[in-house]
$ cat run36.json   # JSON, C-alpha atoms
[["chain", "number", "residue", "atom", "x", "y", "z"],
["L", 1173, "MET", "CA", -3.22, 185.12, 152.20],
["L", 1174, "LEU", "CA", -2.89, 184.45, 148.47],
["L", 1175, "LYS", "CA", -6.22, 182.62, 148.51],
["L", 1176, "ILE", "CA", -7.89, 185.61, 150.18],
["L", 1177, "ILE", "CA", -6.40, 188.04, 147.66],
["L", 1178, "SER", "CA", -7.43, 185.77, 144.78],
["L", 1179, "SER", "CA", -10.96, 185.49, 146.13],
["L", 1180, "VAL", "CA", -11.24, 189.28, 146.51],
["L", 1181, "LEU", "CA", -9.97, 189.84, 142.97],
["L", 1182, "ILE", "CA", -12.41, 187.29, 141.57],
["L", 1183, "LEU", "CA", -15.32, 188.92, 143.41],
["L", 1184, "TYR", "CA", -14.23, 192.34, 142.19],
["L", 1185, "ALA", "CA", -14.01, 191.09, 138.60],
["L", 1186, "LEU", "CA", -17.47, 189.51, 138.88],
["L", 1187, "ALA", "CA", -18.87, 192.78, 140.23],
["L", 1188, "CYS", "CA", -17.37, 194.64, 137.24],
["L", 1189, "VAL", "CA", -18.93, 192.13, 134.85],
["L", 1190, "PHE", "CA", -22.29, 192.50, 136.62],
["L", 1191, "LEU", "CA", -22.17, 196.30, 136.38],
["L", 1192, "TYR", "CA", -21.21, 196.16, 132.71],
["L", 1193, "LEU", "CA", -24.04, 193.78, 131.82],
["L", 1194, "LYS", "CA", -26.70, 195.47, 133.96],
["L", 1195, "GLN", "CA", -25.65, 199.11, 133.59],
["L", 1196, "ARG", "CA", -28.61, 200.25, 131.50],
["L", 1197, "SER", "CA", -31.05, 198.86, 134.04],
["L", 1198, "LEU", "CA", -29.18, 200.93, 136.63],
["L", 1199, "LEU", "CA", -29.28, 204.12, 134.53],
["L", 1200, "PHE", "CA", -32.68, 203.96, 132.85],
["L", 1201, "PHE", "CA", -35.93, 203.33, 134.74],
["L", 1202, "PRO", "CA", -38.73, 203.36, 132.14],
["L", 1203, "MET", "CA", -42.11, 204.49, 133.39],
["L", 1204, "PRO", "CA", -45.32, 202.60, 132.51],
["L", 1205, "GLU", "CA", -47.70, 204.10, 129.97],
["L", 1206, "ASN", "CA", -50.34, 206.53, 131.24],
["L", 1207, "ASN", "CA", -53.33, 207.14, 128.98],
["L", 1208, "GLN", "CA", -55.19, 209.39, 131.41],
["L", 1209, "ALA", "CA", -53.07, 212.54, 131.15],
["L", 1210, "ASP", "CA", -54.85, 215.84, 130.51],
["L", 1211, "ALA", "CA", -53.06, 216.55, 127.22],
["L", 1212, "ASN", "CA", -52.96, 215.36, 123.62],
["L", 1213, "ALA", "CA", -50.79, 212.36, 122.82],
["L", 1214, "VAL", "CA", -48.84, 212.82, 119.59],
["L", 1215, "TRP", "CA", -46.66, 210.20, 117.95],
["L", 1216, "ILE", "CA", -43.39, 210.81, 116.15],
["L", 1217, "LYS", "CA", -41.56, 208.20, 114.08],
["L", 1218, "THR", "CA", -37.79, 208.21, 114.55],
["L", 1219, "GLY", "CA", -36.23, 205.52, 112.42],
["L", 1220, "GLU", "CA", -37.66, 202.21, 113.63],
["L", 1221, "GLU", "CA", -39.09, 203.65, 116.85],
["L", 1222, "ASN", "CA", -42.42, 205.31, 117.54],
["L", 1223, "LEU", "CA", -42.29, 207.91, 120.30],
["L", 1224, "LYS", "CA", -45.18, 209.18, 122.40],
["L", 1225, "LEU", "CA", -45.14, 212.87, 123.32],
["L", 1226, "TRP", "CA", -47.63, 214.82, 125.39],
["L", 1227, "LYS", "CA", -48.65, 218.09, 123.74],
["L", 1228, "PHE", "CA", -50.57, 221.00, 125.29],
["L", 1229, "ASN", "CA", -51.07, 224.75, 124.96],
["L", 1230, "GLN", "CA", -51.10, 226.48, 121.59],
["L", 1231, "GLY", "CA", -48.31, 228.92, 120.91],
["L", 1232, "LYS", "CA", -46.17, 229.89, 117.94],
["L", 1233, "PRO", "CA", -42.94, 229.04, 119.79],
["L", 1234, "ALA", "CA", -42.49, 225.58, 121.29],
["L", 1235, "ILE", "CA", -40.73, 224.01, 124.26],
["L", 1236, "LEU", "CA", -39.40, 220.45, 124.23],
["L", 1237, "TYR", "CA", -39.00, 218.86, 127.65],
["L", 1238, "PHE", "CA", -36.59, 215.99, 128.30],
["L", 1239, "GLY", "CA", -37.03, 214.58, 131.79],
["L", 1240, "GLY", "CA", -35.13, 212.49, 134.29],
["L", 1241, "ASN", "CA", -34.26, 208.83, 134.07],
["L", 1242, "SER", "CA", -37.19, 207.73, 136.25],
["L", 1243, "GLU", "CA", -39.59, 210.58, 135.59],
["L", 1244, "ALA", "CA", -43.21, 210.30, 134.54],
["L", 1245, "VAL", "CA", -43.14, 213.45, 132.42],
["L", 1246, "GLU", "CA", -46.93, 213.80, 132.34],
["L", 1247, "GLU", "CA", -46.82, 214.79, 136.02],
["L", 1248, "ASN", "CA", -45.58, 218.20, 134.84],
["L", 1249, "ILE", "CA", -48.59, 218.93, 132.65],
["L", 1250, "ASN", "CA", -50.62, 221.00, 135.13],
["L", 1251, "SER", "CA", -47.74, 223.18, 136.27],
["L", 1252, "PHE", "CA", -46.16, 223.59, 132.83],
["L", 1253, "ARG", "CA", -49.52, 224.53, 131.32],
["L", 1254, "THR", "CA", -49.53, 227.59, 133.57],
["L", 1255, "LEU", "CA", -45.80, 228.33, 133.51],
["L", 1256, "PHE", "CA", -45.50, 228.31, 129.71],
["L", 1257, "GLU", "CA", -48.84, 229.72, 128.54],
["L", 1258, "GLN", "CA", -47.29, 231.32, 125.44],
["L", 1259, "TYR", "CA", -45.71, 228.09, 124.20],
["L", 1260, "THR", "CA", -46.80, 224.82, 122.71],
["L", 1261, "VAL", "CA", -45.22, 222.32, 125.10],
["L", 1262, "TYR", "CA", -44.08, 218.81, 124.18],
["L", 1263, "LEU", "CA", -43.12, 216.37, 126.94],
["L", 1264, "VAL", "CA", -40.98, 213.60, 125.49],
["L", 1265, "ASN", "CA", -41.32, 209.98, 126.56],
["L", 1266, "TYR", "CA", -37.93, 208.46, 125.77],
["L", 1267, "ARG", "CA", -37.77, 205.30, 123.70],
["L", 1268, "GLY", "CA", -38.80, 202.44, 125.96],
["L", 1269, "TYR", "CA", -40.71, 204.80, 128.27],
["L", 1270, "ALA", "CA", -44.45, 205.17, 128.79],
["L", 1271, "GLY", "CA", -45.73, 203.91, 125.45],
["L", 1272, "SER", "CA", -42.72, 204.76, 123.28],
["L", 1273, "SER", "CA", -41.22, 201.75, 121.53],
["L", 1274, "GLY", "CA", -37.65, 200.49, 121.76],
["L", 1275, "SER", "CA", -35.03, 200.42, 124.51],
["L", 1276, "PRO", "CA", -33.22, 203.48, 125.90],
["L", 1277, "SER", "CA", -29.57, 204.21, 125.17],
["L", 1278, "GLU", "CA", -27.50, 207.36, 124.80],
["L", 1279, "ASP", "CA", -27.27, 207.06, 121.03],
["L", 1280, "GLY", "CA", -30.98, 206.32, 120.79],
["L", 1281, "LEU", "CA", -32.07, 209.28, 122.92],
["L", 1282, "LYS", "CA", -29.80, 211.67, 121.03],
["L", 1283, "HIS", "CA", -31.00, 210.38, 117.65],
["L", 1284, "ASP", "CA", -34.61, 210.78, 118.78],
["L", 1285, "ALA", "CA", -34.06, 214.35, 120.00],
["L", 1286, "LEU", "CA", -32.77, 215.42, 116.58],
["L", 1287, "ALA", "CA", -35.61, 213.61, 114.81],
["L", 1288, "ILE", "CA", -38.26, 215.20, 117.03],
["L", 1289, "TYR", "CA", -36.81, 218.67, 116.45],
["L", 1290, "ASP", "CA", -36.60, 218.13, 112.69],
["L", 1291, "GLN", "CA", -40.24, 217.05, 112.48],
["L", 1292, "LEU", "CA", -41.58, 219.90, 114.63],
["L", 1293, "VAL", "CA", -39.45, 222.89, 113.62],
["L", 1294, "ALA", "CA", -41.55, 223.80, 110.57],
["L", 1295, "GLN", "CA", -44.66, 224.06, 112.77],
["L", 1296, "HIS", "CA", -43.25, 226.67, 115.16],
["L", 1297, "SER", "CA", -41.56, 230.06, 115.08],
["L", 1298, "SER", "CA", -38.82, 228.75, 117.39],
["L", 1299, "ILE", "CA", -38.01, 225.77, 119.57],
["L", 1300, "SER", "CA", -36.62, 226.05, 123.09],
["L", 1301, "VAL", "CA", -35.53, 223.13, 125.23],
["L", 1302, "ILE", "CA", -35.68, 222.14, 128.90],
["L", 1303, "GLY", "CA", -33.62, 219.22, 130.15],
["L", 1304, "ARG", "CA", -33.80, 217.90, 133.70],
["L", 1305, "SER", "CA", -31.24, 215.53, 135.21],
["L", 1306, "LEU", "CA", -30.58, 212.83, 132.58],
["L", 1307, "GLY", "CA", -32.45, 214.99, 130.09],
["L", 1308, "SER", "CA", -29.96, 217.83, 130.51],
["L", 1309, "GLY", "CA", -27.47, 215.80, 128.50],
["L", 1310, "VAL", "CA", -30.02, 215.23, 125.74],
["L", 1311, "ALA", "CA", -30.89, 218.94, 125.78],
["L", 1312, "CYS", "CA", -27.24, 220.00, 125.52],
["L", 1313, "TYR", "CA", -26.68, 217.64, 122.61],
["L", 1314, "LEU", "CA", -29.73, 218.96, 120.77],
["L", 1315, "ALA", "CA", -28.70, 222.58, 121.37],
["L", 1316, "ALA", "CA", -25.23, 221.82, 119.98],
["L", 1317, "HIS", "CA", -26.64, 220.35, 116.77],
["L", 1318, "ARG", "CA", -29.78, 222.37, 116.04],
["L", 1319, "ASN", "CA", -30.96, 225.97, 116.25],
["L", 1320, "VAL", "CA", -32.40, 226.02, 119.77],
["L", 1321, "ASP", "CA", -33.69, 229.38, 121.02],
["L", 1322, "LYS", "CA", -33.53, 229.14, 124.83],
["L", 1323, "LEU", "CA", -32.02, 226.34, 126.88],
["L", 1324, "ALA", "CA", -32.91, 225.53, 130.50],
["L", 1325, "LEU", "CA", -30.89, 222.90, 132.35],
["L", 1326, "ILE", "CA", -32.26, 221.65, 135.67],
["L", 1327, "THR", "CA", -29.95, 219.65, 137.98],
["L", 1328, "PRO", "CA", -27.49, 219.08, 135.12],
["L", 1329, "TYR", "CA", -24.17, 217.23, 135.13],
["L", 1330, "ASP", "CA", -20.80, 217.46, 133.43],
["L", 1331, "SER", "CA", -21.05, 213.83, 132.31],
["L", 1332, "ILE", "CA", -22.80, 210.68, 133.46],
["L", 1333, "GLU", "CA", -19.38, 209.07, 133.51],
["L", 1334, "ASN", "CA", -18.13, 211.54, 136.11],
["L", 1335, "VAL", "CA", -21.29, 211.29, 138.19],
["L", 1336, "ALA", "CA", -21.15, 207.49, 138.12],
["L", 1337, "GLN", "CA", -17.48, 207.58, 139.12],
["L", 1338, "SER", "CA", -18.41, 209.72, 142.13],
["L", 1339, "HIS", "CA", -20.95, 207.15, 143.25],
["L", 1340, "TYR", "CA", -18.95, 204.04, 142.32],
["L", 1341, "PHE", "CA", -15.45, 205.34, 143.00],
["L", 1342, "PHE", "CA", -14.04, 201.83, 143.53],
["L", 1343, "PHE", "CA", -14.91, 200.66, 139.98],
["L", 1344, "PRO", "CA", -13.24, 201.61, 136.66],
["L", 1345, "VAL", "CA", -16.34, 203.39, 135.36],
["L", 1346, "LYS", "CA", -14.48, 204.87, 132.39],
["L", 1347, "TRP", "CA", -13.92, 201.40, 130.98],
["L", 1348, "LEU", "CA", -17.30, 199.94, 131.90],
["L", 1349, "LEU", "CA", -19.77, 202.65, 130.94],
["L", 1350, "LYS", "CA", -21.53, 202.62, 127.56],
["L", 1351, "ASP", "CA", -23.74, 205.71, 127.94],
["L", 1352, "LYS", "CA", -21.48, 208.59, 129.02],
["L", 1353, "PHE", "CA", -23.58, 211.65, 128.11],
["L", 1354, "ASP", "CA", -20.49, 213.86, 127.98],
["L", 1355, "SER", "CA", -22.12, 217.28, 128.17],
["L", 1356, "ILE", "CA", -18.99, 219.09, 129.30],
["L", 1357, "SER", "CA", -17.20, 218.33, 126.03],
["L", 1358, "ILE", "CA", -19.84, 220.16, 123.96],
["L", 1359, "ALA", "CA", -20.59, 222.90, 126.49],
["L", 1360, "PRO", "CA", -18.14, 225.44, 124.96],
["L", 1361, "ALA", "CA", -20.00, 225.18, 121.65],
["L", 1362, "LEU", "CA", -23.33, 226.28, 123.15],
["L", 1363, "HIS", "CA", -24.19, 229.92, 122.41],
["L", 1364, "ASN", "CA", -27.79, 229.88, 123.60],
["L", 1365, "GLN", "CA", -29.46, 232.00, 126.21],
["L", 1366, "THR", "CA", -29.12, 229.42, 128.99],
["L", 1367, "LEU", "CA", -30.60, 229.03, 132.46],
["L", 1368, "VAL", "CA", -29.03, 226.53, 134.88],
["L", 1369, "LEU", "CA", -30.94, 225.61, 138.03],
["L", 1370, "MET", "CA", -29.26, 223.53, 140.75],
["L", 1371, "ALA", "CA", -30.69, 221.97, 143.90],
["L", 1372, "GLU", "CA", -28.99, 222.85, 147.18],
["L", 1373, "HIS", "CA", -29.41, 219.33, 148.56],
["L", 1374, "ASP", "CA", -28.85, 217.28, 145.41],
["L", 1375, "GLN", "CA", -27.65, 213.82, 146.46],
["L", 1376, "VAL", "CA", -28.08, 212.26, 143.00],
["L", 1377, "ILE", "CA", -25.93, 214.69, 141.02],
["L", 1378, "PRO", "CA", -23.39, 216.23, 143.41],
["L", 1379, "LEU", "CA", -23.20, 219.98, 142.92],
["L", 1380, "LYS", "CA", -19.58, 219.82, 141.82],
["L", 1381, "HIS", "CA", -20.72, 218.18, 138.58],
["L", 1382, "SER", "CA", -23.23, 220.96, 137.87],
["L", 1383, "HIS", "CA", -20.61, 223.60, 138.65],
["L", 1384, "ARG", "CA", -18.13, 222.00, 136.26],
["L", 1385, "LEU", "CA", -20.69, 222.18, 133.47],
["L", 1386, "VAL", "CA", -21.44, 225.82, 134.27],
["L", 1387, "GLN", "CA", -17.75, 226.66, 134.12],
["L", 1388, "ALA", "CA", -17.53, 225.05, 130.67],
["L", 1389, "LEU", "CA", -20.46, 227.08, 129.27],
["L", 1390, "THR", "CA", -18.04, 229.81, 128.24],
["L", 1391, "SER", "CA", -19.97, 231.01, 125.16],
["L", 1392, "ALA", "CA", -23.52, 230.80, 126.48],
["L", 1393, "ARG", "CA", -25.53, 233.79, 127.66],
["L", 1394, "LEU", "CA", -25.74, 232.27, 131.09],
["L", 1395, "GLU", "CA", -27.91, 232.63, 134.17],
["L", 1396, "THR", "CA", -27.44, 230.29, 137.14],
["L", 1397, "GLN", "CA", -29.35, 229.87, 140.35],
["L", 1398, "LEU", "CA", -29.08, 227.57, 143.34],
["L", 1399, "ILE", "CA", -32.55, 226.69, 144.63],
["L", 1400, "SER", "CA", -32.40, 226.79, 148.42],
["L", 1401, "ALA", "CA", -33.75, 223.76, 150.31],
["L", 1402, "ALA", "CA", -34.43, 221.91, 147.07],
["L", 1403, "SER", "CA", -33.42, 218.31, 146.46],
["L", 1404, "HIS", "CA", -32.86, 216.50, 143.19],
["L", 1405, "ASN", "CA", -36.38, 215.12, 142.97],
["L", 1406, "ASP", "CA", -38.44, 218.06, 144.22],
["L", 1407, "ILE", "CA", -36.76, 221.03, 142.55],
["L", 1408, "LEU", "CA", -39.59, 221.55, 140.04],
["L", 1409, "ALA", "CA", -42.10, 221.88, 142.88],
["L", 1410, "HIS", "CA", -40.31, 224.88, 144.39],
["L", 1411, "LEU", "CA", -41.87, 228.27, 143.74],
["L", 1412, "ALA", "CA", -38.43, 229.76, 143.13],
["L", 1413, "THR", "CA", -37.83, 227.28, 140.31],
["L", 1414, "GLN", "CA", -41.20, 227.98, 138.75],
["L", 1415, "SER", "CA", -40.74, 231.74, 138.99],
["L", 1416, "LEU", "CA", -37.31, 231.58, 137.35],
["L", 1417, "LEU", "CA", -38.58, 229.37, 134.52],
["L", 1418, "THR", "CA", -41.55, 231.64, 133.87],
["L", 1419, "GLU", "CA", -39.36, 234.73, 133.73],
["L", 1420, "PHE", "CA", -36.69, 233.05, 131.60],
["L", 1421, "PHE", "CA", -39.20, 231.95, 128.96],
["L", 1422, "ARG", "CA", -41.21, 235.16, 128.97],
["L", 1423, "LEU", "CA", -41.47, 236.23, 125.33],
["L", 1424, "SER", "CA", -41.21, 239.93, 126.11],
["L", 1425, "ARG", "CA", -37.67, 239.52, 127.48]]

$ encode --input "run36.json" --output "structure tokens"
Amino acid sequence: MLKIISSVLILYALACVFLYLKQRSLLFFPMPENNQADANAVWIKTGEENLKLWKFNQGKPAILYFGGNSEAVEENINSFRTLFEQYTVYLVNYRGYAGSSGSPSEDGLKHDALAIYDQLVAQHSSISVIGRSLGSGVACYLAAHRNVDKLALITPYDSIENVAQSHYFFFPVKWLLKDKFDSISIAPALHNQTLVLMAEHDQVIPLKHSHRLVQALTSARLETQLISAASHNDILAHLATQSLLTEFFRLSR
């Protein structure tokens, strides 16, 4: 019996070590570079890294888009071009993604978001932000540290730590995780006009984590909507999502 218990404990410890060492490959899934997108590629230097953004439309206000952890952001160009006609739109390729240099990490993505904002703000009358999935944490961080006009969060979470604990409940995620993206801790500081869109059938970010974030947005001018029949990966394709985004970012509002 003692040998069995010892063997189980050793296997468990090895699994913890594996998760700790490989965690960023489990969280970040960089997309390959695409040079065929129907938009202008612009490059922004952020410290030692060089980031590739897709830029389209020509408007005085701007929208920054931070996508999911395995998202090819250029796939949104055609729909976003129509949805946000009054805005210049920038789709951010995270460091390590799709032509951007470096390797992704929470600190790196947050640093880059501030640097991108700081280099673009003088060119536009205002900057609004959309964050989807992983990008919702980047968007919240940026809105807490810079003057963001409107904030849209699509399939957001309270923290990556809490989401990971839901999926890996038998591991001590709190002690293993490097990139926690703790959006709920900064949520009370957000005063923006904020739209939160959740997917009814989200199996990646359980709805309880989105609801916890919503409950913590106590100072935001908040609108929330559950998109019926939507899943985590297809929510942007739903007409209800597109209609809500168009109305939320309408300049005449």

$ closest_residue --input "run36.json" --among "L:Asn1319, L:Ser1400, L:Thr1327, L:Ser1297" --to "Leu1423 in chain L" --atoms "only C-alpha atoms"
L:Ser1297

$ closest_residue --input "run36.json" --among "L:Gly1219, L:Gly1239, L:Gly1303, L:Pro1276" --to "Gln1195 in chain L" --atoms "all atoms listed in the file"
L:Pro1276

$ atom_distance --input "run36.json" --atom1 "CA of His1373 in chain L" --atom2 "CA of Arg1253 in chain L"
27.0 Å

$ closest_residue --input "run36.json" --among "L:Ala1388, L:Leu1286, L:Val1335, L:Leu1183" --to "Leu1236 in chain L" --atoms "all atoms listed in the file"
L:Leu1286

$ atom_distance --input "run36.json" --atom1 "CA of Asn1364 in chain L" --atom2 "CA of Leu1379 in chain L"
22.2 Å

$ atom_distance --input "run36.json" --atom1 "CA of Leu1408 in chain L" --atom2 "CA of Val1264 in chain L"
16.6 Å

$ closest_residue --input "run36.json" --among "L:Ala1359, L:Ala1270, L:Leu1292, L:Met1173" --to "Leu1394 in chain L" --atoms "all atoms listed in the file"
L:Ala1359

$ residues_around --input "run36.json" --residues "Val1320 in chain L" --least-positions-apart "5" --cutoff "9 Å" --atoms "all atoms listed in the file" --output "compact mmCIF listing (two decimals) with C-alpha atoms, in the coordinates of the input"
# COMPACT_ATOMS: atom_id res chain seq x y z
CA SER L 1298 -38.82 228.75 117.39
CA ILE L 1299 -38.01 225.77 119.57
CA SER L 1300 -36.62 226.05 123.09
CA VAL L 1301 -35.53 223.13 125.23
CA LEU L 1314 -29.73 218.96 120.77
CA ALA L 1315 -28.70 222.58 121.37
CA ASN L 1364 -27.79 229.88 123.60

$ residues_around --input "run36.json" --residues "Ser1355 in chain L" --least-positions-apart "6" --cutoff "12 Å" --atoms "all atoms listed in the file" --output "VMD selection string"
chain L and resid 1278 1282 1303 1305 to 1316 1325 1328 to 1335 1361 to 1362 1381 to 1382 1384 to 1389

$ closest_residue --input "run36.json" --among "L:Ile1399, L:Arg1304, L:Ile1216, L:Arg1318" --to "Ala1371 in chain L" --atoms "only C-alpha atoms"
L:Ile1399

$ closest_residue --input "run36.json" --among "L:Tyr1269, L:Phe1238, L:Tyr1289, L:Phe1353" --to "Asn1206 in chain L" --atoms "only C-alpha atoms"
L:Tyr1269

$ residues_around --input "run36.json" --residues "Asp1284 in chain L" --least-positions-apart "2" --cutoff "9 Å" --atoms "only C-alpha atoms" --output "PDB file with C-alpha atoms, in the coordinates of the input"
ATOM      1  CA  LYS L1217     -41.560 208.200 114.080  1.00  0.00           C
ATOM      2  CA  THR L1218     -37.790 208.210 114.550  1.00  0.00           C
ATOM      3  CA  GLY L1219     -36.230 205.520 112.420  1.00  0.00           C
ATOM      4  CA  GLU L1221     -39.090 203.650 116.850  1.00  0.00           C
ATOM      5  CA  LEU L1223     -42.290 207.910 120.300  1.00  0.00           C
ATOM      6  CA  TYR L1266     -37.930 208.460 125.770  1.00  0.00           C
ATOM      7  CA  ARG L1267     -37.770 205.300 123.700  1.00  0.00           C
ATOM      8  CA  ASP L1279     -27.270 207.060 121.030  1.00  0.00           C
ATOM      9  CA  GLY L1280     -30.980 206.320 120.790  1.00  0.00           C
ATOM     10  CA  LEU L1281     -32.070 209.280 122.920  1.00  0.00           C
ATOM     11  CA  LYS L1282     -29.800 211.670 121.030  1.00  0.00           C
ATOM     12  CA  LEU L1286     -32.770 215.420 116.580  1.00  0.00           C
ATOM     13  CA  ALA L1287     -35.610 213.610 114.810  1.00  0.00           C
ATOM     14  CA  ILE L1288     -38.260 215.200 117.030  1.00  0.00           C
ATOM     15  CA  TYR L1289     -36.810 218.670 116.450  1.00  0.00           C
TER      16      TYR L1289
END
